[in-house]
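Novice: Here it is, the structure in full.
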Amino acid sequence: MKKNLLSVAVAASIMVPALPAFAQEDATLVEEVVVTGSRIARDDFSSSSPINSYGTEELSKAGLASVDEFLKEDPAFTGYQMGASTNNGSDQGQKKVDMRGLGFNRTLVLINGRRQAGDATGDGAVDINTIPEAMIERVEVLKDGASTIYGSDALAGVVNFILKDDFEGFEINANLGQGMEDGQAQNSGFSMLAGINGDRGNMVMSLGYSVQEEMYQAERPWATEALYPVLQEDGTFKAIGSGSSNSRKIAVPGHGNYIYDSALGKARPFTSDDVYNYAPVNALITPNERWQFGALGSVEISDNVEGYVEALYTRRTSHQRLAPDASFAVTDDIQTPNNGLQWNDWVPANNPYNPFGDNAQNDLGISGIGVRVNRRFEESGGRLFTQTADSYRMVAGFTGEIAGKVDWDFSYTFAENQTMDETTNYGRFDRWAIAVDPDACAANAACAEAGVLNPFGEFGSISPAQMAFLTAGSLKDVYKSRMEVASLSFSGDMIEMPGGTAGWAVGFDSRQEEGQYVPDEFVSEGLTTGGAGDPLKGGYGVKEVFAEVLLPVMDNLDVNASTRYSDYDTSAGEATTYKIGADYQPLEDLRIRAGFATGFRAPNISELNQGQSGGFPIVEPLCEFGDRRLESGDITQTLYDNCQALGIDTTDAGELGFAWQSYYETSAPAEPLEPEESESINFGFVYTPGFAEGLSLSVDYWSIEIDNVIGSEDINDLMSACMNSVELSSAACSVLYGFDGSEQGNPYLNAYGGVPYPGDAYAAFGNLGTLTTSGFDFAAKYHGDLSVGPMQGYTLGWMATLVDSYERAYPLAGSRELVGTANGFEVFPEWRWNSNVGVFGDNWTLDWDMRFIDKTVDALRPASVTDDAVAESIIYHDLIGTYTWQNINFSFGINNVTDEDAPRFHSAFNANTEPGMYDVIGRRFFTGANIKF
């Protein structure tokens with residue numbers, strides 16, 4: 001039978017090998033194999049699609065805490081990467097990768113060429129935590145659309161984790177890494193791998209444990225405060241710790257803002273020095289602990305039939321940490337017993353601690369009125385989101401031959417994920433009005449026992465009993481996903497052609513996916529300040545047939561074509577995709593490859609069941625410093641005129657001085673969702689000149705266009721489109737409202753505290769417009785002999801991605817080019833490259849790696865009105881060494897040798913930077929050992 005796995009040596013012949021490490025390779029080819037992106041076994045290993053392959057050696061030498069951290073250093077992965085460095089914004093502690101910046105759900109993740117259950121109640125993407133790292137043989141990254149081969153979701157490309165299925169012996173691995181400043185962000189791991197091979201079969205089993213310790217923002221000087229630019233007397237801007245006004249600020253109607261000063265024994269005006277610094281207690285690296293078990297086996301049932309099985313299990317615990325909750329100015333929908341519908345920060349005049357209430361003792365001449373207080377509940381210990389996740393995946397199948405000419409394979413895959421997400425220390429909407437009102441409190445036994453709340457006191461003054469009454473305690477949400485796939489495929493040889501024997505493959509897939517979200521009863525009833533969540537339960541089924549041919553038209557020309565027909569039982573309906581590619585070798589040293597493919601992504605379970613949802617994104621106040629912006633050419637005259645017409649102060653006196661968050665609510669799709677459709681092109685060459693033995697070069701052009709993009713439009717794009725239209729005539733204005741929802745089409749009708757801020761948005765979720773991106777991938781490698789002392793050879797390597805364009809064009813906001821910009825979680829550098837210089841001897845290697853990320857300009861705020869509108873370019877240096885002594889291989893190294901700080905840019909959402917793109921740990925050492933028996 002033809003073997004369906006591909007060795008590291010084989011991957012090297014597909015394209016220039018991946019950096020940073022280059023191993024000495026045995027290029028002897030003895031079997032036909034199947035490569036990622038094809039169903040046809042072949043023995044020449046050429047491919048019309050660019051593929052990177054990372055072997056065990058590369059993964060272990062990198063010394064990173066998890067495989068997703070390794071992948072995000074590949075220049076093809078850009079945009080937003082979710083991992084241990086994602087605190088605020090994490091999907092229940094999951095780790096996900098984003099190829100070409102097109103989103104997690106457009107990069108298909110496979111295990112041994114088969115699907116894994118994704119995040120059925122979220123974006124549908126696969127959690128990389130579920131990959132059994134101890135069993136990884138290699139990772140193949142296909143940088144091309146592959147819907148015809150694997151079905152939905154493979155629009156940007158495919159990440160295929162190939163597991164060790166023929167290992168023989170016993171192996172122990174251990175690793176340790178941590179920051180060198182004070183041991184921050186320590187990670188460690190231990191695994192065992194055992195395998196036996198017999199005359200009729202084999203079995204491989206592994207057990208692995210890994211743990212990532214937590215790191216706080218307070219452990220990095222540049223992250224200890226939430227920085228915001230403030231205008232200085234000399235006309236420049238300086239970043240200061242703006243923090244949050246939700247500290248103990250008292251908003252007195254008609255009289256401004258105050259704070260109670262216990263040292264004075266009275267209230268005084270609120271100043272910028274009174275803000276709450278929420279940054280240091282947030283996690284910069286989130287903790288993650290995993291136990292993983294895996295077993296793969298096969299047995300020869302007869303001369304031409306073999307059975308196989310895969311069984312994988314992962315138990316993960318993780319958490320994210322945020323600053324304490326506050327009495328934010330959010331209204332609830334609950335009739336409180338003493339004041340009907342009200343804000344959850346209102347304190348009536350009869351509260352005995354209200355410095356402006358009945359019988360107030362102050363020299364401000366203000367008394368007898370209720371106030372609003374934005375108070376951080378520091379006594380709660382902060383918000384904590386803890387996950388316990390279990391992931392199961394089982395594959396059983398048979399493979400064989402028919403008459404020695406046709407290979408067949410039947411498999412059944414079952415995968416299930418379940419996550420318990422426990423949230424603590426959110427406030428209760430229905431308790432605030434009771435706690436601050438003496439009469440309502442006296443009528444409630446639990447409140448009466450705790451005592452009337454004093455929300456004006458210093459931090460630490462709220463008693464544990466009062467805190468217990470105010471908070472919701474432990475909220476437990478459950479997320480479930482389930483996938484079943486039955487697959488039957490056939491492949492074989494066809495006719496003889498001038499270039500060899502033509503190959504073919506056909507098959508049938510039947511897949512059923514289900515997802516369920518069971519919110520805590522407090523969450524489902526909207527009783528907490530964390531927001532409401534509706535239960536979700538849904539699923540879909542799809543039946544697909546596919547076919548592929550490989551035609552060796554000439555000795556130096558292969559043409560391949562594939563197609564897939566999919567029939568969904570949802571609004572996705574029916575879809576047919578096709579792909580055609582060619583691999584041409586006009587010269588012995590030159591190979592040219594090209595391909596064109598169509599693709600699709602069916603709406604996932606969460607999208608199909610999308611209801612009303614809302615959040616509070618940061619919105620750039622476009623009119624702030626309007627005079628400066630206009631003079632610098634950063635805004636149009638039209639936008640400036642609209643600011644003036646709205647009566648907004650565009651002078652320096654109109655400075656807000658802090659980031660503003662508007663409310664953005666999306667409704668359920670107005671029409672049934674259609675699938676996303678794509679077209680992708682790749683064209684490139686691989687050059688291995690005979691005059692320079694050991695040198696290989698490759699260049700690939702790629703272009704991807706996705707139509708019917710599913711999602712919602714960016715609120716900042718909507719604001720910009722509206723404000724840049726004459727007399728606010730843009731269609732984008734139709735979804736913008738004032739703060740209280742009283743006027744549609746006015747993006748600035750928000751007089752919170754008497755100052756106009758950007759308003760809110762209410763838009764539809766559904767099929768939007770188009771995402772288009774294109775660029776070039778480059779790779780170069782050279783290796784040669786070296787006879788200097790113990791050195792036997794050396795390697796040089798360079799791998800890069802140049803993104804030429806990344807444009808989104810949506811119906812309301814219009815089009816926007818994003819290359820070279822940074823916005824919150826998303827960073828789109830024009831250039832990214834990795835380089836390697838290495839030397840090796842008989843039993844040792846030493847490598848110097850460099851990782852470059854190009855500068856990006858802040859997507860929201862121009863340089864004229866901030867201290868830092870550019871995330872500067874950065875180069876990371878890593879030193880890596882290995883040494884083999886008998887049956888033990890040691891690795892050691894230092895990442896970020898020069899201790900580069902992550903670059904700051906104005907619109908950064910987490911820790912003044914984007915932790916998913918940049919290193920946040922600093923200089924870090926790692927070591928590991930592998931023992932084979």
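Residues are named by chain letter and number: chains run A, B, ... in the order of the structure tokens, numbers start at 1 in each chain, and ligands are numbered from 1 in the order shown.
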Using DSSP assignments from the backbone, pull out every residue in range 585-645 of chain A that falls under alpha helix (DSSP H) and give it to me as a PyMOL selection string.

Specialist: chain A and resi 605-608+626-632+637-645

Novice: Using DSSP assignments from the backbone, pull out every residue in range 817-884 of chain A that falls under strand (DSSP E or B) and give it to me as a tab-separated table (two decimals) with N, CA and C atoms, in the first residue's frame.

Specialist:
```tsv
chain	number	residue	atom	x	y	z
A	817	GLU	N	-7.86	50.48	2.77
A	817	GLU	CA	-6.60	49.74	2.64
A	817	GLU	C	-5.95	49.65	4.01
A	821	THR	N	-0.89	49.19	8.65
A	821	THR	CA	-1.62	49.82	9.74
A	821	THR	C	-1.71	48.88	10.94
A	822	ALA	N	-1.98	49.48	12.10
A	822	ALA	CA	-2.18	48.72	13.34
A	822	ALA	C	-3.41	49.29	14.03
A	823	ASN	N	-4.29	48.39	14.48
A	823	ASN	CA	-5.54	48.84	15.10
A	823	ASN	C	-5.96	47.82	16.13
A	826	GLU	N	-5.41	44.00	15.55
A	826	GLU	CA	-4.95	43.71	14.19
A	826	GLU	C	-3.72	44.53	13.84
A	827	VAL	N	-2.68	43.83	13.37
A	827	VAL	CA	-1.47	44.49	12.90
A	827	VAL	C	-1.15	43.91	11.53
A	828	PHE	N	-1.00	44.79	10.54
A	828	PHE	CA	-0.77	44.36	9.16
A	828	PHE	C	0.52	44.97	8.62
A	831	TRP	N	6.11	44.26	5.52
A	831	TRP	CA	7.18	43.26	5.44
A	831	TRP	C	7.28	42.48	6.75
A	832	ARG	N	7.51	41.19	6.62
A	832	ARG	CA	7.97	40.36	7.73
A	832	ARG	C	9.00	39.38	7.18
A	833	TRP	N	10.11	39.21	7.89
A	833	TRP	CA	11.07	38.21	7.44
A	833	TRP	C	11.79	37.57	8.62
A	834	ASN	N	12.25	36.36	8.38
A	834	ASN	CA	13.09	35.61	9.31
A	834	ASN	C	14.39	35.27	8.62
A	835	SER	N	15.48	35.29	9.34
A	835	SER	CA	16.75	34.87	8.77
A	835	SER	C	17.47	33.95	9.74
A	836	ASN	N	18.40	33.17	9.19
A	836	ASN	CA	19.12	32.19	9.99
A	836	ASN	C	20.57	32.10	9.52
A	837	VAL	N	21.47	32.08	10.49
A	837	VAL	CA	22.87	31.77	10.24
A	837	VAL	C	23.24	30.65	11.21
A	838	GLY	N	23.68	29.53	10.69
A	838	GLY	CA	23.97	28.40	11.55
A	838	GLY	C	25.25	27.68	11.17
A	839	VAL	N	25.87	27.08	12.16
A	839	VAL	CA	27.01	26.20	11.94
A	839	VAL	C	26.73	24.90	12.70
A	840	PHE	N	27.33	23.81	12.22
A	840	PHE	CA	27.09	22.53	12.89
A	840	PHE	C	28.33	21.66	12.79
A	844	TRP	N	26.59	18.62	17.25
A	844	TRP	CA	26.13	19.89	17.81
A	844	TRP	C	25.70	20.85	16.70
A	845	THR	N	24.86	21.82	17.05
A	845	THR	CA	24.46	22.89	16.12
A	845	THR	C	24.43	24.21	16.90
A	846	LEU	N	24.63	25.29	16.21
A	846	LEU	CA	24.52	26.63	16.80
A	846	LEU	C	23.88	27.53	15.75
A	847	ASP	N	22.78	28.19	16.13
A	847	ASP	CA	22.03	29.01	15.19
A	847	ASP	C	21.78	30.40	15.76
A	848	TRP	N	21.87	31.37	14.87
A	848	TRP	CA	21.49	32.75	15.19
A	848	TRP	C	20.33	33.11	14.26
A	849	ASP	N	19.17	33.34	14.87
A	849	ASP	CA	17.97	33.66	14.11
A	849	ASP	C	17.59	35.12	14.34
A	850	MET	N	17.05	35.72	13.31
A	850	MET	CA	16.51	37.08	13.41
A	850	MET	C	15.09	37.09	12.88
A	851	ARG	N	14.23	37.85	13.55
A	851	ARG	CA	12.83	37.98	13.15
A	851	ARG	C	12.51	39.47	13.01
A	852	PHE	N	12.08	39.87	11.83
A	852	PHE	CA	11.81	41.28	11.55
A	852	PHE	C	10.32	41.51	11.32
A	853	ILE	N	9.79	42.57	11.95
A	853	ILE	CA	8.41	43.00	11.73
A	853	ILE	C	8.46	44.47	11.34
A	856	THR	N	4.28	49.85	11.44
A	856	THR	CA	2.90	50.07	11.03
A	856	THR	C	2.42	51.40	11.62
A	857	VAL	N	1.50	52.03	10.92
A	857	VAL	CA	0.96	53.32	11.35
A	857	VAL	C	-0.39	53.09	12.00
A	858	ASP	N	-0.66	53.82	13.07
A	858	ASP	CA	-1.93	53.68	13.77
A	858	ASP	C	-3.09	53.90	12.81
A	870	VAL	N	2.89	55.35	15.58
A	870	VAL	CA	3.61	54.36	14.78
A	870	VAL	C	4.10	53.23	15.68
A	871	ALA	N	3.79	52.01	15.32
A	871	ALA	CA	4.44	50.85	15.93
A	871	ALA	C	5.74	50.62	15.15
A	874	ILE	N	10.83	46.33	14.21
A	874	ILE	CA	11.57	45.68	15.29
A	874	ILE	C	12.25	44.43	14.77
A	875	ILE	N	13.43	44.13	15.31
A	875	ILE	CA	14.15	42.90	14.99
A	875	ILE	C	14.43	42.17	16.29
A	876	TYR	N	14.03	40.92	16.34
A	876	TYR	CA	14.32	40.06	17.48
A	876	TYR	C	15.48	39.14	17.12
A	877	HIS	N	16.38	38.94	18.06
A	877	HIS	CA	17.53	38.06	17.86
A	877	HIS	C	17.40	36.87	18.81
A	878	ASP	N	17.59	35.67	18.28
A	878	ASP	CA	17.54	34.45	19.08
A	878	ASP	C	18.83	33.66	18.87
A	879	LEU	N	19.37	33.10	19.93
A	879	LEU	CA	20.52	32.20	19.86
A	879	LEU	C	20.09	30.82	20.33
A	880	ILE	N	20.41	29.82	19.53
A	880	ILE	CA	19.93	28.47	19.80
A	880	ILE	C	21.07	27.48	19.60
A	881	GLY	N	21.26	26.58	20.55
A	881	GLY	CA	22.27	25.55	20.42
A	881	GLY	C	21.73	24.18	20.78
A	882	THR	N	22.29	23.15	20.17
A	882	THR	CA	21.93	21.77	20.53
A	882	THR	C	23.21	20.95	20.66
A	883	TYR	N	23.15	19.93	21.47
A	883	TYR	CA	24.29	19.03	21.66
A	883	TYR	C	23.75	17.63	21.91
A	884	THR	N	24.31	16.66	21.21
A	884	THR	CA	23.89	15.27	21.37
A	884	THR	C	25.02	14.46	22.01
```

Novice: Write out as a list in words each polymer residue whose atoms come within 8 Å of range 818-820 of chain A, counting only C-alpha atoms; drop sequence neighbours fewer than 5 positions from it.

Specialist: Val803, Asp804, Ser805, Tyr806, Glu807, Arg808, Val827, Phe828, Pro829, Glu830, Lys855, Thr856, Val857 and Ala859 of chain A

Novice: Next, write the just-selected residues to a file, as a short mmCIF file (atom, residue, chain, number, x, y, z; two decimals), in the first residue's frame, keeping N, CA and C atoms as the atom set.

Specialist:
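out_1.cif, written as the output of this step:
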```cif
data_model
loop_
_atom_site.label_atom_id
_atom_site.label_comp_id
_atom_site.auth_asym_id
_atom_site.auth_seq_id
_atom_site.Cartn_x
_atom_site.Cartn_y
_atom_site.Cartn_z
N VAL A 803 3.36 41.96 1.93
CA VAL A 803 1.93 42.13 1.66
C VAL A 803 1.76 43.39 0.83
N ASP A 804 1.29 43.22 -0.39
CA ASP A 804 1.15 44.34 -1.31
C ASP A 804 -0.15 45.10 -1.06
N SER A 805 -1.21 44.37 -0.70
CA SER A 805 -2.50 45.02 -0.48
C SER A 805 -3.35 44.17 0.46
N TYR A 806 -4.12 44.85 1.30
CA TYR A 806 -5.15 44.19 2.12
C TYR A 806 -6.30 45.19 2.22
N GLU A 807 -7.36 44.93 1.47
CA GLU A 807 -8.44 45.90 1.38
C GLU A 807 -9.76 45.24 1.75
N ARG A 808 -10.54 45.95 2.56
CA ARG A 808 -11.90 45.50 2.81
C ARG A 808 -12.84 46.55 2.24
N VAL A 827 -2.68 43.83 13.37
CA VAL A 827 -1.47 44.49 12.90
C VAL A 827 -1.15 43.91 11.53
N PHE A 828 -1.00 44.79 10.54
CA PHE A 828 -0.77 44.36 9.16
C PHE A 828 0.52 44.97 8.62
N PRO A 829 1.68 44.46 9.03
CA PRO A 829 2.94 45.00 8.51
C PRO A 829 3.10 44.66 7.03
N GLU A 830 3.77 45.57 6.32
CA GLU A 830 4.02 45.32 4.90
C GLU A 830 5.05 44.20 4.73
N LYS A 855 7.40 48.38 10.39
CA LYS A 855 6.63 49.37 11.13
C LYS A 855 5.21 49.45 10.58
N THR A 856 4.28 49.85 11.44
CA THR A 856 2.90 50.07 11.03
C THR A 856 2.42 51.40 11.62
N VAL A 857 1.50 52.03 10.92
CA VAL A 857 0.96 53.32 11.35
C VAL A 857 -0.39 53.09 12.00
N ALA A 859 -4.03 52.96 12.80
CA ALA A 859 -5.13 53.01 11.85
C ALA A 859 -6.18 54.06 12.22
#
```

Novice: Work out how far apart CA of Pro669 in chain A and CA of Gly526 in chain A are and give it in Å to one decimal.

Specialist: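 Taking CA of Pro669 in chain A and CA of Gly526 in chain A, their separation equals 22.2 Å.
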
Novice: I'd like the contact shell of Leu771 in chain A - 12 Å cut-off, only C-alpha atoms, skipping same-chain residues fewer than 2 positions apart - returned as a CSV table (one decimal) with C-alpha atoms, in the first residue's frame.

Specialist:
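Contents of out.csv, as written:
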```csv
chain,number,residue,atom,x,y,z
A,100,ARG,CA,-2.8,36.2,5.7
A,101,GLY,CA,-4.8,38.2,8.3
A,102,LEU,CA,-8.1,36.8,6.9
A,103,GLY,CA,-9.4,35.5,10.2
A,106,ARG,CA,-10.6,31.1,7.1
A,155,LEU,CA,-9.8,30.0,2.0
A,156,ALA,CA,-6.5,31.4,3.3
A,676,GLU,CA,-18.5,33.2,1.5
A,677,GLU,CA,-16.9,32.6,-1.9
A,678,SER,CA,-13.3,33.1,-2.8
A,679,GLU,CA,-10.9,33.1,-5.7
A,680,SER,CA,-7.2,32.6,-5.2
A,703,SER,CA,-3.8,36.8,-4.4
A,704,ILE,CA,-7.0,36.0,-2.5
A,705,GLU,CA,-10.4,37.7,-2.9
A,706,ILE,CA,-13.4,36.8,-0.7
A,707,ASP,CA,-16.9,37.8,-1.4
A,708,ASN,CA,-20.1,37.8,0.7
A,709,VAL,CA,-17.9,38.2,3.8
A,710,ILE,CA,-19.9,37.3,6.9
A,711,GLY,CA,-19.8,39.7,9.9
A,767,ASN,CA,-23.2,39.1,4.4
A,768,LEU,CA,-21.1,42.2,3.7
A,769,GLY,CA,-18.7,43.0,0.9
A,773,THR,CA,-5.3,40.7,-0.2
A,774,SER,CA,-2.2,40.0,-2.3
A,805,SER,CA,-2.5,45.0,-0.5
A,806,TYR,CA,-5.2,44.2,2.1
A,807,GLU,CA,-8.4,45.9,1.4
A,808,ARG,CA,-11.9,45.5,2.8
A,809,ALA,CA,-14.8,47.0,0.9
A,810,TYR,CA,-18.2,47.0,2.7
A,814,GLY,CA,-16.9,51.8,1.8
A,815,SER,CA,-13.3,50.5,1.1
A,816,ARG,CA,-10.2,50.8,3.2
A,817,GLU,CA,-6.6,49.7,2.6
A,818,LEU,CA,-5.1,48.2,5.8
```

Novice: List as an MDAnalysis selection string the protein and nucleic acid residues near range 919-927 of chain A, meaning an atom at most 10 Å away when only C-alpha atoms are counted, but skip any in the same chain fewer than 6 places from it.

Specialist: chainID A and resid 60:65 85 174:181 183:188 215 217 219:220 222:223 284:285 876:882 890:903 911 913

Novice: Quick check, in Å to one decimal: how far apart do CA of Gln644 in chain A and CA of Thr271 in chain A lie?

Specialist: 28.3 Å

Novice: Report the closest atom pair, with its distance in Å rounded to one decimal, for each residue of range 876-916 of chain A that has an atom no farther than 12 Å from range 272-280 of chain A; count only C-alpha atoms, sort by chain and then rising residue number, and write it as JSON lines.

Specialist:
```
{"residue": "A:Phe909", "atom": "CA", "partner": "A:Ala279", "partner_atom": "CA", "distance": 11.2}
{"residue": "A:Asn910", "atom": "CA", "partner": "A:Ala279", "partner_atom": "CA", "distance": 8.9}
{"residue": "A:Ala911", "atom": "CA", "partner": "A:Ala279", "partner_atom": "CA", "distance": 7.1}
{"residue": "A:Asn912", "atom": "CA", "partner": "A:Ala279", "partner_atom": "CA", "distance": 9.6}
```

Novice: Using the selection just defined, write its residues with C-alpha atoms as an mmCIF file, in the first residue's frame.

Specialist:
```cif
data_model
loop_
_atom_site.group_PDB
_atom_site.id
_atom_site.type_symbol
_atom_site.label_atom_id
_atom_site.label_comp_id
_atom_site.auth_asym_id
_atom_site.auth_seq_id
_atom_site.Cartn_x
_atom_site.Cartn_y
_atom_site.Cartn_z
ATOM 1 C CA PHE A 909 -6.033 47.603 23.042
ATOM 2 C CA ASN A 910 -3.996 45.408 25.402
ATOM 3 C CA ALA A 911 -0.966 46.654 27.365
ATOM 4 C CA ASN A 912 -0.214 49.556 24.972
#
```

Novice: Just the residues within 7 Å of Asp325 in chain A, please, counting only C-alpha atoms, with nothing from its chain fewer than 5 positions along; format it as a list in words.

Specialist: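 Result of the neighbour search: Arg376, Phe377, Gly382, Arg383, Tyr426 and Gly427 of chain A.
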
Novice: Next, dump the selected residues to file, keeping only N, CA and C atoms, as an mmCIF file, in the first residue's frame.

Specialist:
```cif
data_model
loop_
_atom_site.group_PDB
_atom_site.id
_atom_site.type_symbol
_atom_site.label_atom_id
_atom_site.label_comp_id
_atom_site.auth_asym_id
_atom_site.auth_seq_id
_atom_site.Cartn_x
_atom_site.Cartn_y
_atom_site.Cartn_z
ATOM 1 N N ARG A 376 -14.837 51.635 41.333
ATOM 2 C CA ARG A 376 -14.219 50.327 41.128
ATOM 3 C C ARG A 376 -14.356 49.511 42.410
ATOM 4 N N PHE A 377 -14.789 48.258 42.237
ATOM 5 C CA PHE A 377 -14.948 47.377 43.393
ATOM 6 C C PHE A 377 -13.646 46.600 43.607
ATOM 7 N N GLY A 382 -10.923 41.571 41.683
ATOM 8 C CA GLY A 382 -10.821 41.598 40.222
ATOM 9 C C GLY A 382 -11.629 40.504 39.565
ATOM 10 N N ARG A 383 -11.868 40.684 38.282
ATOM 11 C CA ARG A 383 -12.643 39.707 37.509
ATOM 12 C C ARG A 383 -11.731 38.566 37.046
ATOM 13 N N TYR A 426 -18.376 39.587 38.952
ATOM 14 C CA TYR A 426 -19.183 40.552 38.221
ATOM 15 C C TYR A 426 -20.282 41.069 39.150
ATOM 16 N N GLY A 427 -20.671 42.327 38.933
ATOM 17 C CA GLY A 427 -21.722 42.912 39.753
ATOM 18 C C GLY A 427 -23.106 42.464 39.319
#
```

Novice: Name all residues at most 12 Å from Gly614 in chain A (count only C-alpha atoms; drop same-chain ones fewer than 6 positions away) and give them as a ChimeraX atom specification.

Specialist: /A:530-533,662-668,712,715,760-765

Novice: Next, write the just-selected residues to a file, as a short mmCIF file (atom, residue, chain, number, x, y, z; two decimals), in the first residue's frame, keeping N, CA and C atoms as the atom set.

Specialist:
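As written to disk, again15.cif reads:
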```cif
data_model
loop_
_atom_site.label_atom_id
_atom_site.label_comp_id
_atom_site.auth_asym_id
_atom_site.auth_seq_id
_atom_site.Cartn_x
_atom_site.Cartn_y
_atom_site.Cartn_z
N GLY A 530 -21.65 41.91 33.36
CA GLY A 530 -20.91 41.30 32.27
C GLY A 530 -21.71 41.19 30.99
N GLY A 531 -22.99 41.56 31.04
CA GLY A 531 -23.83 41.50 29.85
C GLY A 531 -24.67 40.24 29.83
N ALA A 532 -25.65 40.23 28.96
CA ALA A 532 -26.56 39.10 28.84
C ALA A 532 -26.09 38.14 27.77
N GLY A 533 -26.49 36.89 27.90
CA GLY A 533 -26.16 35.88 26.90
C GLY A 533 -27.32 34.94 26.69
N SER A 662 -17.88 53.55 22.70
CA SER A 662 -19.30 53.66 22.36
C SER A 662 -19.95 52.28 22.43
N TYR A 663 -21.25 52.28 22.48
CA TYR A 663 -22.00 51.02 22.46
C TYR A 663 -22.29 50.66 21.02
N TYR A 664 -21.98 49.42 20.64
CA TYR A 664 -22.22 48.95 19.27
C TYR A 664 -23.01 47.66 19.35
N GLU A 665 -24.22 47.70 18.81
CA GLU A 665 -25.10 46.53 18.86
C GLU A 665 -25.37 46.04 17.45
N THR A 666 -25.26 44.74 17.26
CA THR A 666 -25.58 44.13 15.97
C THR A 666 -26.81 43.25 16.12
N SER A 667 -27.65 43.29 15.13
CA SER A 667 -28.88 42.51 15.14
C SER A 667 -28.70 41.23 14.35
N ALA A 668 -29.66 40.34 14.45
CA ALA A 668 -29.63 39.10 13.70
C ALA A 668 -29.70 39.40 12.20
N SER A 712 -19.92 41.89 10.71
CA SER A 712 -20.49 43.23 10.90
C SER A 712 -19.41 44.26 10.61
N ILE A 715 -17.03 49.81 13.56
CA ILE A 715 -17.70 51.04 13.96
C ILE A 715 -16.87 52.27 13.62
N ASP A 760 -23.52 56.01 19.45
CA ASP A 760 -23.60 54.56 19.38
C ASP A 760 -23.96 54.11 17.97
N ALA A 761 -23.88 52.81 17.76
CA ALA A 761 -24.20 52.25 16.45
C ALA A 761 -25.07 51.02 16.62
N TYR A 762 -26.03 50.86 15.71
CA TYR A 762 -26.92 49.71 15.70
C TYR A 762 -26.98 49.22 14.26
N ALA A 763 -26.26 48.15 13.96
CA ALA A 763 -26.14 47.67 12.59
C ALA A 763 -26.53 46.19 12.52
N ALA A 764 -26.67 45.70 11.30
CA ALA A 764 -27.07 44.31 11.08
C ALA A 764 -25.84 43.42 10.89
N PHE A 765 -25.94 42.21 11.38
CA PHE A 765 -24.95 41.17 11.12
C PHE A 765 -25.40 40.43 9.86
#
```

Novice: In Å, how far is it from CA of Ala863 in chain A to CA of Met917 in chain A?

Specialist: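 These atoms are spaced 21.8 Å apart.
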
Novice: Of the candidates A:Thr795, A:Ser411, A:Ser247, A:Ser729, which shows the shortest atom-to-atom distance to Leu695 in chain A, using only C-alpha atoms?

Specialist: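 Distance minimum relative to Leu695 in chain A lands on A:Thr795.
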
Novice: From the options A:Gly473, A:Gly297, A:Gly595, A:Pro617, which residue's atoms come nearest to Asp700 in chain A, counting only C-alpha atoms?

Specialist: A:Gly595
